[in-house]
Amino acid sequence: VIDCRGEEEWELWRLPRSRLMPLDQLRERARGLDRSRTYVVYCRTGRRALAAAFLMRQIGLRAHALEGGIAAWPY
């Protein structure tokens with residue numbers, strides 16, 4: 001699970017075991033991710049996560065955005 005929000009947002013509220021990878025750094029940092037895995041990307045509302053998942057797919061990763069973001073996370 002990848003959190004594409006900023007560090008300040010991540011410090012306030014995050015999903016357990018998520019990895020911080022802000023959207024503005026994602027293209028560069030995602031190149032080091034394991035291509036055999038599937039990733040779920042989230043943000044607060046899901047909008048940045050859609051962009052992040054798109055960028056990740058452009059470099060050959062399997063990525064999906066968490067619909068509704070962390071605000072819709074029921075747990």
# chains A, B, ... in the order shown; residues from 1 in each chain; ligands from 1
call {"tool": "residues_around", "arguments": {"residues": "Arg27 of chain A", "least_positions_apart": "4", "cutoff": "12 Å", "atoms": "only C-alpha atoms", "output": "JSON, numbers by chain"}}
result
{"A": [4, 21, 22, 23, 31, 32, 33, 51, 52, 53, 54, 55, 56, 57, 58, 59, 60, 61]}
call {"tool": "closest_residue", "arguments": {"among": "A:Glu28, A:Ile70, A:Arg62, A:Arg47", "to": "Trp10 of chain A", "atoms": "only C-alpha atoms"}}
result
A:Ile70
call {"tool": "residues_around", "arguments": {"residues": "Gly68 of chain A", "least_positions_apart": "5", "cutoff": "12 Å", "atoms": "only C-alpha atoms", "output": "list in words"}}
result
Val41, Tyr42, Cys43, Arg44, Thr45, Gly46, Arg47, Arg48, Ala49, Leu50, Trp73 and Pro74 of chain A
call {"tool": "closest_residue", "arguments": {"among": "A:Ala72, A:Glu67, A:Tyr39, A:Leu26", "to": "Gly6 of chain A", "atoms": "only C-alpha atoms"}}
result
A:Leu26
call {"tool": "closest_residue", "arguments": {"among": "A:Arg14, A:Val40, A:Glu8, A:Arg35", "to": "Leu66 of chain A", "atoms": "only C-alpha atoms"}}
result
A:Val40
call {"tool": "select_by_dssp", "arguments": {"residues": "chain A", "states": "helix (DSSP H, G or I)", "output": "ChimeraX atom specification"}}
result
/A:7-12,23-32,47-58,70-72
call {"tool": "atom_distance", "arguments": {"atom1": "atom CA of Arg19 of chain A", "atom2": "atom CA of Asp3 of chain A"}}
result
5.9 Å
call {"tool": "atom_distance", "arguments": {"atom1": "atom CA of Ala63 of chain A", "atom2": "atom CA of Thr38 of chain A"}}
result
5.7 Å
call {"tool": "select_by_dssp", "arguments": {"residues": "chain A", "states": "strand (DSSP E)", "output": "PyMOL selection string"}}
result
chain A and resi 2-3+19-20+38-42+62-65
call {"tool": "write_last_selection", "arguments": {"atoms": "N, CA and C atoms", "output": "PDB file, in the first residue's frame"}}
result
ATOM      1  N   ILE A   2       0.628   2.130  -0.922  1.00  0.00           N
ATOM      2  CA  ILE A   2       1.432   3.349  -1.086  1.00  0.00           C
ATOM      3  C   ILE A   2       0.565   4.562  -0.788  1.00  0.00           C
ATOM      4  N   ASP A   3       1.052   5.430   0.068  1.00  0.00           N
ATOM      5  CA  ASP A   3       0.382   6.693   0.384  1.00  0.00           C
ATOM      6  C   ASP A   3       1.047   7.775  -0.448  1.00  0.00           C
ATOM      7  N   ARG A  19       3.335   2.727   2.859  1.00  0.00           N
ATOM      8  CA  ARG A  19       4.641   3.303   2.537  1.00  0.00           C
ATOM      9  C   ARG A  19       4.410   4.689   1.957  1.00  0.00           C
ATOM     10  N   LEU A  20       5.072   5.695   2.489  1.00  0.00           N
ATOM     11  CA  LEU A  20       4.926   7.058   1.995  1.00  0.00           C
ATOM     12  C   LEU A  20       5.739   7.260   0.724  1.00  0.00           C
ATOM     13  N   THR A  38       1.546  -6.139  -6.965  1.00  0.00           N
ATOM     14  CA  THR A  38       0.469  -5.218  -7.305  1.00  0.00           C
ATOM     15  C   THR A  38       0.345  -4.227  -6.157  1.00  0.00           C
ATOM     16  N   TYR A  39       0.216  -2.947  -6.483  1.00  0.00           N
ATOM     17  CA  TYR A  39       0.185  -1.891  -5.485  1.00  0.00           C
ATOM     18  C   TYR A  39      -1.176  -1.212  -5.435  1.00  0.00           C
ATOM     19  N   VAL A  40      -1.577  -0.833  -4.218  1.00  0.00           N
ATOM     20  CA  VAL A  40      -2.762  -0.011  -4.007  1.00  0.00           C
ATOM     21  C   VAL A  40      -2.244   1.337  -3.532  1.00  0.00           C
ATOM     22  N   VAL A  41      -2.684   2.388  -4.209  1.00  0.00           N
ATOM     23  CA  VAL A  41      -2.236   3.744  -3.899  1.00  0.00           C
ATOM     24  C   VAL A  41      -3.413   4.509  -3.309  1.00  0.00           C
ATOM     25  N   TYR A  42      -3.143   5.301  -2.266  1.00  0.00           N
ATOM     26  CA  TYR A  42      -4.225   6.095  -1.690  1.00  0.00           C
ATOM     27  C   TYR A  42      -3.756   7.497  -1.338  1.00  0.00           C
ATOM     28  N   ARG A  62       1.975  -2.650 -11.721  1.00  0.00           N
ATOM     29  CA  ARG A  62       0.539  -2.899 -11.554  1.00  0.00           C
ATOM     30  C   ARG A  62       0.089  -2.086 -10.346  1.00  0.00           C
ATOM     31  N   ALA A  63      -0.804  -1.113 -10.578  1.00  0.00           N
ATOM     32  CA  ALA A  63      -1.233  -0.222  -9.502  1.00  0.00           C
ATOM     33  C   ALA A  63      -2.709   0.114  -9.640  1.00  0.00           C
ATOM     34  N   HIS A  64      -3.358   0.239  -8.487  1.00  0.00           N
ATOM     35  CA  HIS A  64      -4.771   0.595  -8.419  1.00  0.00           C
ATOM     36  C   HIS A  64      -4.940   1.687  -7.370  1.00  0.00           C
ATOM     37  N   ALA A  65      -5.859   2.602  -7.607  1.00  0.00           N
ATOM     38  CA  ALA A  65      -6.159   3.659  -6.644  1.00  0.00           C
ATOM     39  C   ALA A  65      -7.264   3.200  -5.699  1.00  0.00           C
TER      40      ALA A  65
END
